[in-house]
Amino acid sequence: MTEFSGNEHRTWHVLPVSEVLAALGSRAGGLAAAQARHRLGACGPNEISASEGVSLWRLLLAQFRSLIVWILVVAAIVSGILGEAVDAFAILAIVVLNAAMGFYQEYNAEKSIAALRRMAAPQAKVLRDGRVTAVAASEVVPGDVLALEAGDLVAADARLLASTAFSCVESALTGESEAVDKDAGAACACETPLADRLNMVFMGTSVATGTARAVVTATGMGTELGRIAQLIETGEEDTPLQKKLDAFGRVLIWATLGIVALLFLLGYLRGSAPFELFLGAVSLAVAAVPEGLPAVVTVALALGVSRMARRRALVRSPPAVETLGSTTVICTDKTGTLTAGEMTVRALYVAGQAFEVTGEGYAPDGEVLAGGGAPDVRQREVLLELASVLLGCNNARLAEKDGMWSAVGDPTEAAMLAAGAKAGGDPDGFDAAMPRVHEIPFDSDRKLSTVVRRMPDGTARALVNGAPDVLLERCTRILAPEGVRPMTDGDRRNIAAQNAAMASQALRVLGSARRDLDDAVLSAALARECSGPASHPSDPSPHAPNAIEQGLTFIGLCGMYDPPRPEAGEAVARCRAAGIRVVMITGDHPHTAAAIARELGISAEGQAVSGAELNAMSDEELARRVAGIDVYARVTAEHKLRVIRAWKEGGAVVAMTGDGVNDAPAVKGADIGIAMGRSGTEVTRQASDMVITDDNFATIVDAVEEGRGIFDNIRKTLQYLLAGNTGELLLMAVCVIIGLPVPLLPIHLLWINLVTDGLPALCLATDPIDPEVMQRRPRSRTEGITDGSFLGGMFLTGVLTASVAFAAYLLALDGGSVETARSWAFTVLVVAELLRSFGARSATRPVWRASVTSNMNLLLVVALTLGAQVLSQHNELLGRFLKTVHIPAADAVLLFALGAIPLLVLEGVKVMGRVFSERGMKS
């Protein structure tokens, strides 16, 4: 076999398939695994504009972008010029330490986000060693053979080898929104435009219909999408929260500089010493600006997203974290999300007789019973007729490992495969006995799938599975106990009644039918849109459902059960407690959907609105009625999107889950699009904001809880920082205005902002989620991070902190030195800020009701910082660095008592607030 040397640009659309395979050193069965690994090393990963990774220098330099940092640098230079070498060194040391901490935090945050991106990377199905294998899209190499089906994203540029009813949406490359029919046998000239290369598929496009196999001709930057990527540069934008904080920070800085200039001018007019005024101005600037805020927000978002990943929710879009906390409605699919997603056929109905099917999951070792016993000879014959449709119109297969059976392919088809085996069919020998001639894949509009097979006698037979109500409309004959005969109205009523009876037991019901076709009929049907009949099962041919899926013979019904997940009911109850509405939107029968909804507590009445009823509603009527509808059944992609839009028009913040390609429009249109990680198609994942790796509804609720928790942590951290800075600013401003010496030096305020405020703030940003967070109503999408209560609490805290520090300053200044007074004020501020961090963990819960040990990092930081503060009063070297003097033990106790006052007052306010709130609820 010829070995391929790399990503070479060739006119692959011109060459015959045999020459393409030879040039790529590949074959129809794909590459060997070892060969693929070798090529990956030679050609590199299949990625577009792979980022350079985390640039250490850029992260380091980013720590010096802040205006306040340069104010401090200038202050250090001026201090050095004026002979204050210790001050200059201390200020520069603090600046460097702050930069080092910010660098470390942001570097770890970047690594966490990069790891999450790798976890959420798209996958591709390729043939390796002759078997279909799922690999990361980045590991696809030239010569790999892709296995493509509806809903997949094409992982690389590739030449079609075989296709069935295959079409792609190529708007990412050509701008054409309509799906393009592809043809593996199409002949293209060298100059054929990209949009007309019907025998090629391209990276970044999506599969609309059908199935195909294609050999990869180019990967990464060698693809057509890669050539476009070379012409553009993209960058990530800040999230709305980060933009709000940046705007808030700019206002804060300029307001601070204005206040500083005003106070400097006031002092100068009073005749104060210029150096003293300069120290005061720098101190005020430092006091007002929370230097650690940007790093805190970055860490809170990054660690919050990482924590969500550990709970099996991968966030693909950072703004989704913020929007999650505002979610008011979750529109969810049923199968695999609210239910286990492991279908098991429980009942069969054929020739007017009902049969029970035993066995769990996909294991084919159960049996079919008639009235509790084994079926007789005639019953086995009609069961075999049904089994032939269940097995023949099927693309799934069953896999067994360590005694456990799993589905490879669609879970519904896998359940039908297992049922067909239990009913007497032979899944392994079916293809050989009845070769596949043609396939019309399932789509959500037709609600049918069809496979045409060649019978042992040479005739062709169409085997059809689909929604019973749709199927019945196309049936003219029925398999009865006495044989096939014309279908009567009574037959239709009996089948409809049986369908409803199965659905009312929460069974998902599919109907089966068949039609014998002679070659003339088959050829005429296929020739309506192509030049001739398909000569091979892999040959391309447009589907002709209207010609084939009519005049059918009804065979039977298949009722399967997908039990609710054990945790789904509890998750729905948590949503209700959190003020979140849960709406089920499914393609299943209304009776099935209503039964599951009742069982999970989604709908007490158990009423479901069908797609047909939605069609009869105008958009205005749906918008009026949407708040009263809990369950939608038998819906299409258009219906789902209409429901999402109706909720959004009413002001709701809507999350929508989806897995199939028909869910992608609604997932994209929702405020939060949630894709299923296991069963979801790549198109739906790419349209989503978040991917649930276990396809579990409870994980969605966990993600909402995390989203609320992240917002709460950022909010309380911001309030903690700003309240501390408010207290420092008030203390400094009051002393300057009344003509007292500056109470705090720049080194004091830098130490407070960096160590006393900054380190506890980081611990608060990663605080465990408040257990009461899911007992509150969702916050409004227009609610800012600051509001009246936020600002009121910030100002009250600032006044309390400034008051106790001012009291300590005056006590020490009365009969003592300025250095001693500054040490007292400094110590009280440090103690007040550190103790207040425990109360800042909750805006409503008193500190004694929150477990201190649930945030050991905060406890450790407070203990170490208090220790350092005490040490600075007794260690000469640290005392010189922090400009503190010795404080006797008795005085230290007094300062600690003063520092505890703000925490005690604020906790008392919480208690009174809860008392009044409870009285209001009782009245």
# chains A, B, ... in the order shown; residues from 1 in each chain; ligands from 1
$ residues_around --residues "Gly44 of chain A" --least-positions-apart "5" --cutoff "9 Å" --atoms "only C-alpha atoms" --output "ChimeraX atom specification"
/A:39,138-139,141,219-220
$ residues_around --residues "Gly424 of chain A" --least-positions-apart "5" --cutoff "10 Å" --atoms "only C-alpha atoms" --output "list in words"
Glu367, Val368, Arg380, Glu381, Leu383, Leu384, Glu385, Leu386, Ala387, Ser388 and Ala419 of chain A
$ write_last_selection --atoms "C-alpha atoms" --output "short mmCIF file (atom, residue, chain, number, x, y, z; two decimals), in the first residue's frame"
data_model
loop_
_atom_site.label_atom_id
_atom_site.label_comp_id
_atom_site.auth_asym_id
_atom_site.auth_seq_id
_atom_site.Cartn_x
_atom_site.Cartn_y
_atom_site.Cartn_z
CA GLU A 367 -38.71 -14.39 25.30
CA VAL A 368 -42.11 -13.54 23.84
CA ARG A 380 -44.71 -18.00 16.03
CA GLU A 381 -45.30 -17.54 12.30
CA LEU A 383 -44.24 -13.10 15.22
CA LEU A 384 -41.58 -14.03 12.67
CA GLU A 385 -43.29 -11.75 10.14
CA LEU A 386 -43.00 -8.86 12.60
CA ALA A 387 -39.43 -9.83 13.49
CA SER A 388 -38.42 -9.58 9.84
CA ALA A 419 -37.12 -7.79 20.27
#
$ residues_around --residues "Cys735 of chain A" --least-positions-apart "5" --cutoff "10 Å" --atoms "only C-alpha atoms" --output "list in words"
Gly280, Leu730, Leu740, Pro741, Val742, Pro743, Leu744, Phe806 and Tyr809 of chain A
$ residues_around --residues "Val126 of chain A" --least-positions-apart "2" --cutoff "8 Å" --atoms "only C-alpha atoms" --output "list in words"
Gly30, Ala124, Arg128, Arg131, Val132, Thr133, Ala134, Val135, Val140, Asp144, Val145, Leu146 and Ala147 of chain A
$ residues_around --residues "Ala432 of chain A" --least-positions-apart "6" --cutoff "12 Å" --atoms "only C-alpha atoms" --output "list in words"
Gly392, Asp426, Arg453, Arg454, Met455 and Pro456 of chain A
$ residues_around --residues "Glu170 of chain A" --least-positions-apart "4" --cutoff "12 Å" --atoms "only C-alpha atoms" --output "list in words"
Leu153, Val154, Asp157, Thr174, Gly175, Glu176, Ser177, Glu178, Ala179, Val180, Asp181, Lys182, Leu194, Ala195, Asp196, Arg197, Leu198, Met200, Val201, Phe202, Met203, Gly204, Thr205, Ser206, Val207, Ala208, Glu224 and Leu225 of chain A
$ residues_around --residues "Ile752 of chain A" --least-positions-apart "6" --cutoff "9 Å" --atoms "only C-alpha atoms" --output "PyMOL selection string"
chain A and resi 287+724+758+826+829-830+833
